[in-house]
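Step one of this worksheet: look at the structure below.
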Amino acid sequence: MSGELPKIIAIVGTNASGKSAVGLELAKSFGGEIISADSRQVYRGFDLCSGKITAEEARAVPHHLIDIKDIGEAFSVSDFQNMAYSLIPQILQRDKVPFIVGGTGNYVKSVVSGYVLSGEPVDAALRGKLDKLTADELLEMLTPEGKAFFASNPSDSRNKRRLIRAIEKTALGEPLRRENSARYSALQIGVTWPKDILHRRIEERLASRIELGMIDEVKTYLDGGGDPECLYDLGLEYRYILWYLTGKFKSQDEFKLELARAIKRFAKRQMTWLRRDESIIWLDMNGDYMEQARSLTADFLER
(Lines give C-alpha, C1' and ligand atoms only; values in the text may rest on other atoms or scores of the structure.)
Protein backbone atom coordinates (compact mmCIF):
# COMPACT_ATOMS: atom_id res chain seq x y z
CA MET A 1 0.00 0.00 0.00
CA SER A 2 1.32 3.41 -0.92
CA GLY A 3 2.93 5.40 1.85
CA GLU A 4 1.36 8.51 0.33
CA LEU A 5 -2.09 7.48 1.46
CA PRO A 6 -3.37 9.18 4.63
CA LYS A 7 -2.87 7.03 7.71
CA ILE A 8 -5.49 5.49 9.96
CA ILE A 9 -5.25 2.98 12.80
CA ALA A 10 -7.75 0.21 13.51
CA ILE A 11 -8.04 -1.59 16.84
CA VAL A 12 -9.86 -4.91 16.47
CA GLY A 13 -10.43 -7.96 18.63
CA THR A 14 -12.84 -10.27 20.34
CA ASN A 15 -15.57 -9.49 22.86
CA ALA A 16 -14.22 -8.53 26.29
CA SER A 17 -10.66 -8.34 25.00
CA GLY A 18 -10.15 -4.74 26.07
CA LYS A 19 -9.78 -3.32 22.55
CA SER A 20 -11.75 -0.21 23.53
CA ALA A 21 -9.35 0.51 26.39
CA VAL A 22 -6.36 0.02 24.10
CA GLY A 23 -7.88 2.34 21.52
CA LEU A 24 -8.64 4.97 24.15
CA GLU A 25 -5.09 4.93 25.55
CA LEU A 26 -3.53 5.13 22.09
CA ALA A 27 -5.83 7.97 21.07
CA LYS A 28 -4.87 9.88 24.20
CA SER A 29 -1.16 9.22 23.64
CA PHE A 30 -1.11 10.19 19.95
CA GLY A 31 -3.73 12.90 19.76
CA GLY A 32 -6.42 10.83 18.14
CA GLU A 33 -10.16 10.73 17.67
CA ILE A 34 -12.11 7.48 17.76
CA ILE A 35 -14.63 6.27 15.20
CA SER A 36 -16.67 3.54 16.86
CA ALA A 37 -17.02 0.44 14.67
CA ASP A 38 -19.79 -1.21 16.67
CA SER A 39 -23.08 -2.08 15.02
CA ARG A 40 -24.96 -1.69 18.31
CA GLN A 41 -23.41 1.46 19.71
CA VAL A 42 -24.80 3.49 16.83
CA TYR A 43 -28.19 3.17 18.55
CA ARG A 44 -29.33 5.45 21.36
CA GLY A 45 -29.98 3.79 24.70
CA PHE A 46 -28.85 0.40 26.03
CA ASP A 47 -25.51 1.82 27.18
CA LEU A 48 -24.70 -1.22 29.32
CA CYS A 49 -25.87 -3.82 26.83
CA SER A 50 -23.68 -2.38 24.11
CA GLY A 51 -20.72 -1.47 26.36
CA LYS A 52 -20.59 2.23 25.49
CA ILE A 53 -17.89 4.52 26.77
CA THR A 54 -18.34 6.36 30.03
CA ALA A 55 -18.82 10.12 30.27
CA GLU A 56 -15.25 10.42 31.54
CA GLU A 57 -13.89 8.52 28.53
CA ALA A 58 -15.95 10.67 26.18
CA ARG A 59 -14.39 13.78 27.70
CA ALA A 60 -10.88 12.37 27.34
CA VAL A 61 -11.07 11.61 23.61
CA PRO A 62 -13.62 12.65 20.94
CA HIS A 63 -15.75 9.71 19.83
CA HIS A 64 -17.87 9.42 16.69
CA LEU A 65 -20.76 7.23 15.45
CA ILE A 66 -22.19 6.53 18.91
CA ASP A 67 -25.87 7.31 19.65
CA ILE A 68 -26.68 8.46 16.12
CA LYS A 69 -29.72 6.26 15.41
CA ASP A 70 -32.92 5.26 17.16
CA ILE A 71 -33.66 1.59 17.78
CA GLY A 72 -35.35 0.16 14.70
CA GLU A 73 -33.67 2.49 12.21
CA ALA A 74 -31.58 0.77 9.57
CA PHE A 75 -27.81 1.16 9.61
CA SER A 76 -25.69 -0.79 7.15
CA VAL A 77 -22.05 -1.43 6.36
CA SER A 78 -22.45 1.09 3.56
CA ASP A 79 -23.81 3.68 6.02
CA PHE A 80 -20.84 3.15 8.30
CA GLN A 81 -18.36 3.37 5.44
CA ASN A 82 -19.88 6.57 4.08
CA MET A 83 -19.86 8.23 7.50
CA ALA A 84 -16.30 7.09 8.20
CA TYR A 85 -15.20 8.39 4.80
CA SER A 86 -16.71 11.76 5.76
CA LEU A 87 -15.23 11.83 9.27
CA ILE A 88 -11.66 10.73 8.53
CA PRO A 89 -10.71 13.76 6.38
CA GLN A 90 -12.18 16.06 9.02
CA ILE A 91 -10.12 14.39 11.74
CA LEU A 92 -6.97 14.59 9.62
CA GLN A 93 -7.61 18.28 8.90
CA ARG A 94 -7.60 18.84 12.67
CA ASP A 95 -4.12 17.24 12.72
CA LYS A 96 -5.53 14.34 14.71
CA VAL A 97 -5.07 10.62 14.15
CA PRO A 98 -8.19 8.65 13.13
CA PHE A 99 -8.65 5.48 15.19
CA ILE A 100 -11.32 2.98 14.15
CA VAL A 101 -12.14 0.89 17.21
CA GLY A 102 -14.71 -1.88 17.47
CA GLY A 103 -15.74 -5.46 17.03
CA THR A 104 -17.97 -5.31 13.96
CA GLY A 105 -15.52 -6.77 11.50
CA ASN A 106 -17.18 -5.68 8.28
CA TYR A 107 -17.39 -2.08 9.47
CA VAL A 108 -13.64 -1.98 10.00
CA LYS A 109 -12.81 -3.85 6.81
CA SER A 110 -15.12 -1.70 4.70
CA VAL A 111 -12.79 1.24 5.38
CA VAL A 112 -9.43 -0.50 5.82
CA SER A 113 -9.83 -2.53 2.62
CA GLY A 114 -11.99 -0.01 0.81
CA TYR A 115 -14.96 -2.22 0.02
CA VAL A 116 -16.87 -1.07 -3.05
CA LEU A 117 -20.49 -1.31 -1.91
CA SER A 118 -23.63 -1.08 -3.97
CA GLY A 119 -25.97 1.85 -3.61
CA GLU A 120 -28.76 0.45 -5.78
CA PRO A 121 -32.37 1.42 -4.92
CA VAL A 122 -34.78 -0.96 -3.19
CA ASP A 123 -37.01 -3.26 -5.28
CA ALA A 124 -40.35 -2.83 -3.49
CA ALA A 125 -41.85 -6.09 -4.79
CA LEU A 126 -38.84 -8.15 -3.75
CA ARG A 127 -38.69 -6.38 -0.38
CA GLY A 128 -42.34 -7.28 0.26
CA LYS A 129 -41.66 -10.97 -0.35
CA LEU A 130 -38.50 -11.03 1.72
CA ASP A 131 -40.16 -9.26 4.66
CA LYS A 132 -42.45 -12.28 5.10
CA LEU A 133 -39.57 -14.73 5.54
CA THR A 134 -37.79 -15.72 8.74
CA ALA A 135 -34.13 -14.97 9.40
CA ASP A 136 -33.32 -18.66 8.84
CA GLU A 137 -35.07 -18.66 5.48
CA LEU A 138 -33.26 -15.47 4.45
CA LEU A 139 -29.93 -16.90 5.53
CA GLU A 140 -30.48 -19.92 3.30
CA MET A 141 -31.08 -17.61 0.34
CA LEU A 142 -27.66 -15.96 0.63
CA THR A 143 -24.96 -16.79 -1.87
CA PRO A 144 -21.73 -18.33 -0.52
CA GLU A 145 -20.21 -14.85 -0.77
CA GLY A 146 -23.06 -13.43 1.25
CA LYS A 147 -22.73 -16.08 3.94
CA ALA A 148 -18.99 -15.41 4.19
CA PHE A 149 -19.69 -11.69 4.49
CA PHE A 150 -22.03 -12.23 7.44
CA ALA A 151 -19.62 -14.67 9.12
CA SER A 152 -17.54 -11.69 10.30
CA ASN A 153 -20.34 -10.69 12.67
CA PRO A 154 -22.52 -13.75 13.31
CA SER A 155 -25.13 -11.86 15.32
CA ASP A 156 -26.08 -10.15 12.06
CA SER A 157 -27.18 -13.52 10.68
CA ARG A 158 -30.30 -12.98 12.83
CA ASN A 159 -30.79 -9.40 11.61
CA LYS A 160 -33.51 -9.51 8.97
CA ARG A 161 -32.88 -5.98 7.72
CA ARG A 162 -29.26 -6.73 6.88
CA LEU A 163 -30.04 -10.14 5.42
CA ILE A 164 -32.72 -8.66 3.19
CA ARG A 165 -30.42 -5.91 1.94
CA ALA A 166 -27.71 -8.43 1.07
CA ILE A 167 -30.20 -10.54 -0.91
CA GLU A 168 -31.52 -7.46 -2.71
CA LYS A 169 -28.03 -6.48 -3.84
CA THR A 170 -27.35 -9.97 -5.16
CA ALA A 171 -30.68 -9.98 -7.04
CA LEU A 172 -29.67 -6.72 -8.71
CA GLY A 173 -26.37 -8.23 -9.79
CA GLU A 174 -24.48 -6.10 -7.29
CA PRO A 175 -22.43 -8.27 -4.92
CA LEU A 176 -21.98 -6.95 -1.41
CA ARG A 177 -18.29 -6.64 -2.04
CA ARG A 178 -17.15 -6.40 -5.65
CA GLU A 179 -13.57 -5.22 -5.28
CA ASN A 180 -11.41 -3.27 -2.86
CA SER A 181 -10.05 0.22 -3.35
CA ALA A 182 -8.32 1.36 -0.16
CA ARG A 183 -8.26 5.09 0.45
CA TYR A 184 -6.00 4.92 3.49
CA SER A 185 -2.83 3.30 4.73
CA ALA A 186 -3.98 1.33 7.76
CA LEU A 187 -2.26 -0.19 10.78
CA GLN A 188 -4.44 -2.91 12.28
CA ILE A 189 -3.74 -3.90 15.88
CA GLY A 190 -5.44 -7.00 17.27
CA VAL A 191 -6.39 -7.58 20.90
CA THR A 192 -7.41 -10.88 22.48
CA TRP A 193 -6.40 -13.26 25.27
CA PRO A 194 -5.76 -16.97 25.77
CA LYS A 195 -9.03 -18.88 25.93
CA ASP A 196 -9.18 -19.33 29.72
CA ILE A 197 -8.44 -15.68 30.43
CA LEU A 198 -10.84 -14.43 27.76
CA HIS A 199 -13.63 -16.62 29.13
CA ARG A 200 -13.06 -15.26 32.62
CA ARG A 201 -13.12 -11.69 31.30
CA ILE A 202 -16.40 -12.40 29.50
CA GLU A 203 -17.96 -13.78 32.69
CA GLU A 204 -16.72 -10.89 34.83
CA ARG A 205 -17.86 -8.24 32.38
CA LEU A 206 -21.29 -9.83 32.08
CA ALA A 207 -21.72 -10.05 35.86
CA SER A 208 -20.70 -6.40 36.23
CA ARG A 209 -23.12 -5.17 33.60
CA ILE A 210 -26.00 -7.16 35.07
CA GLU A 211 -25.26 -5.72 38.49
CA LEU A 212 -25.20 -2.20 37.03
CA GLY A 213 -28.64 -2.65 35.48
CA MET A 214 -28.30 -4.19 32.04
CA ILE A 215 -31.54 -6.17 32.41
CA ASP A 216 -33.38 -3.04 33.53
CA GLU A 217 -32.35 -1.27 30.30
CA VAL A 218 -34.24 -3.81 28.26
CA LYS A 219 -37.19 -3.98 30.65
CA THR A 220 -37.59 -0.21 30.53
CA TYR A 221 -37.55 -0.30 26.74
CA LEU A 222 -40.23 -3.00 26.62
CA ASP A 223 -42.37 -1.33 29.29
CA GLY A 224 -42.29 1.82 27.17
CA GLY A 225 -43.79 0.00 24.21
CA GLY A 226 -40.55 -1.01 22.52
CA ASP A 227 -40.60 -3.64 19.76
CA PRO A 228 -39.25 -7.03 20.92
CA GLU A 229 -38.30 -7.88 17.31
CA CYS A 230 -35.82 -4.98 17.33
CA LEU A 231 -34.18 -6.46 20.42
CA TYR A 232 -33.89 -9.82 18.71
CA ASP A 233 -32.11 -8.20 15.78
CA LEU A 234 -29.66 -6.22 17.89
CA GLY A 235 -27.60 -9.11 19.24
CA LEU A 236 -26.92 -11.66 21.93
CA GLU A 237 -27.32 -9.63 25.12
CA TYR A 238 -30.60 -8.09 24.02
CA ARG A 239 -31.99 -11.39 22.75
CA TYR A 240 -31.11 -13.34 25.87
CA ILE A 241 -32.45 -10.66 28.20
CA LEU A 242 -35.69 -10.68 26.20
CA TRP A 243 -35.87 -14.44 26.63
CA TYR A 244 -35.15 -14.08 30.35
CA LEU A 245 -37.88 -11.47 30.83
CA THR A 246 -40.38 -13.63 28.94
CA GLY A 247 -39.67 -16.71 31.06
CA LYS A 248 -37.48 -18.80 28.80
CA PHE A 249 -34.93 -19.36 31.59
CA LYS A 250 -35.78 -20.87 34.96
CA SER A 251 -33.59 -18.46 36.89
CA GLN A 252 -31.23 -15.55 36.50
CA ASP A 253 -28.31 -17.93 37.12
CA GLU A 254 -29.39 -20.06 34.16
CA PHE A 255 -29.77 -16.92 32.04
CA LYS A 256 -26.26 -15.71 32.94
CA LEU A 257 -24.74 -19.12 32.27
CA GLU A 258 -26.37 -19.50 28.86
CA LEU A 259 -25.60 -15.93 27.80
CA ALA A 260 -21.97 -16.27 28.84
CA ARG A 261 -21.71 -19.47 26.81
CA ALA A 262 -23.22 -17.74 23.78
CA ILE A 263 -20.79 -14.81 24.07
CA LYS A 264 -17.85 -17.23 24.29
CA ARG A 265 -19.01 -19.01 21.13
CA PHE A 266 -19.39 -15.66 19.41
CA ALA A 267 -15.89 -14.60 20.46
CA LYS A 268 -14.52 -17.83 18.99
CA ARG A 269 -16.21 -17.09 15.66
CA GLN A 270 -14.88 -13.53 15.77
CA MET A 271 -11.37 -14.82 16.24
CA THR A 272 -11.68 -17.35 13.43
CA TRP A 273 -12.67 -14.57 11.05
CA LEU A 274 -10.05 -12.09 12.26
CA ARG A 275 -7.24 -14.62 11.95
CA ARG A 276 -7.85 -14.74 8.20
CA ASP A 277 -6.49 -11.21 7.90
CA GLU A 278 -2.72 -11.58 7.98
CA SER A 279 -2.22 -7.81 8.11
CA ILE A 280 -3.49 -7.64 11.71
CA ILE A 281 -0.64 -7.40 14.23
CA TRP A 282 -1.65 -9.17 17.43
CA LEU A 283 -0.48 -7.78 20.74
CA ASP A 284 1.43 -10.08 23.08
CA MET A 285 -0.89 -10.00 26.09
CA ASN A 286 1.67 -11.84 28.22
CA GLY A 287 3.99 -8.86 28.03
CA ASP A 288 3.64 -5.07 28.19
CA TYR A 289 1.04 -5.00 25.46
CA MET A 290 0.29 -1.29 25.82
CA GLU A 291 3.95 -0.43 25.28
CA GLN A 292 3.94 -2.72 22.25
CA ALA A 293 0.84 -0.97 20.92
CA ARG A 294 2.42 2.45 21.45
CA SER A 295 5.61 1.35 19.70
CA LEU A 296 3.69 -0.06 16.72
CA THR A 297 1.67 3.14 16.45
CA ALA A 298 4.67 5.43 16.74
CA ASP A 299 6.62 3.51 14.09
CA PHE A 300 3.65 3.52 11.74
CA LEU A 301 3.00 7.24 12.08
CA GLU A 302 6.68 8.11 11.64
CA ARG A 303 7.13 6.10 8.43
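Residues in the C-alpha coordinates are named by chain (A, B, ... in the order shown) and by number from 1 within that chain; ligands are numbered from 1 in the order shown.
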
Do you know which residues are at most 10 Å from Arg275 (chain A) counting only C-alpha atoms, after dropping those on the same chain fewer than 6 positions away, and could you put them as a PyMOL selection string?
chain A and resi 13+190+282

Export of prior selection with N, CA and C atoms as a short mmCIF file (atom, residue, chain, number, x, y, z; two decimals), in the first residue's frame:
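To be explicit, this is the file written out as selection_1.cif:
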data_model
loop_
_atom_site.label_atom_id
_atom_site.label_comp_id
_atom_site.auth_asym_id
_atom_site.auth_seq_id
_atom_site.Cartn_x
_atom_site.Cartn_y
_atom_site.Cartn_z
N GLY A 13 -10.60 -6.87 17.68
CA GLY A 13 -10.43 -7.96 18.63
C GLY A 13 -11.74 -8.57 19.01
N GLY A 190 -4.48 -6.05 16.74
CA GLY A 190 -5.44 -7.00 17.27
C GLY A 190 -5.26 -7.24 18.76
N TRP A 282 -1.05 -8.82 16.14
CA TRP A 282 -1.65 -9.17 17.43
C TRP A 282 -0.71 -8.83 18.57
#

Give me the residues near Phe75 (chain A) as a VMD selection string, where near means some atom within 10 Å (using only C-alpha atoms) and where sequence neighbours in that chain fewer than 6 positions away do not count.
chain A and resid 39 to 40 42 to 43 68 to 69 161 to 162

Interatomic distance, CA of Gly146 (chain A) to CA of Thr192 (chain A) (Å, one decimal):
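CA of Thr192 (chain A) lies 26.5 Å from CA of Gly146 (chain A).
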
Secondary structure check, helix (DSSP H, G or I) residues of region 98-229 of chain A, as a count of residues only
77

Counting only C-alpha atoms, the residue of A:Lys7, A:Arg261, A:Lys169, A:Arg127 that sits nearest Arg200 (chain A)
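Under the stated criterion, the closest residue is A:Arg261.
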
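Using only C-alpha atoms, the contacts of Ala125 (chain A) at a cut-off of 12 Å, with sequence neighbours closer than 6 positions omitted, comprise A:Asp131, A:Lys132, A:Glu168.
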
Atom-to-atom span, CA of Ile100 (chain A) and CA of Phe30 (chain A), Å:
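For CA of Ile100 (chain A) relative to CA of Phe30 (chain A), the distance reads 13.8 Å.
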
Please provide the set of residues having any atom within 7 Å of Ser36 (chain A), restricted to only C-alpha atoms, with same-chain residues fewer than 3 positions apart removed, written as an MDAnalysis selection string.
chainID A and resid 63:66 100:102

Output file for the selection above: N, CA and C atoms, as a PDB file, in the first residue's frame:
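The resulting part_38.pdb:
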ATOM      1  N   HIS A  63     -15.252  10.952  20.412  1.00  0.00           N
ATOM      2  CA  HIS A  63     -15.751   9.710  19.827  1.00  0.00           C
ATOM      3  C   HIS A  63     -16.830  10.036  18.802  1.00  0.00           C
ATOM      4  N   HIS A  64     -16.903   9.218  17.762  1.00  0.00           N
ATOM      5  CA  HIS A  64     -17.872   9.421  16.691  1.00  0.00           C
ATOM      6  C   HIS A  64     -18.666   8.145  16.429  1.00  0.00           C
ATOM      7  N   LEU A  65     -19.855   8.317  15.860  1.00  0.00           N
ATOM      8  CA  LEU A  65     -20.763   7.229  15.454  1.00  0.00           C
ATOM      9  C   LEU A  65     -21.282   6.421  16.640  1.00  0.00           C
ATOM     10  N   ILE A  66     -21.508   7.111  17.743  1.00  0.00           N
ATOM     11  CA  ILE A  66     -22.185   6.534  18.905  1.00  0.00           C
ATOM     12  C   ILE A  66     -23.459   7.347  19.137  1.00  0.00           C
ATOM     13  N   ILE A 100     -10.069   3.736  14.293  1.00  0.00           N
ATOM     14  CA  ILE A 100     -11.316   2.984  14.150  1.00  0.00           C
ATOM     15  C   ILE A 100     -11.267   1.845  15.157  1.00  0.00           C
ATOM     16  N   VAL A 101     -12.201   1.840  16.097  1.00  0.00           N
ATOM     17  CA  VAL A 101     -12.140   0.892  17.208  1.00  0.00           C
ATOM     18  C   VAL A 101     -13.483   0.179  17.342  1.00  0.00           C
ATOM     19  N   GLY A 102     -13.454  -1.157  17.260  1.00  0.00           N
ATOM     20  CA  GLY A 102     -14.706  -1.879  17.468  1.00  0.00           C
ATOM     21  C   GLY A 102     -14.651  -3.303  16.978  1.00  0.00           C
TER      22      GLY A 102
END
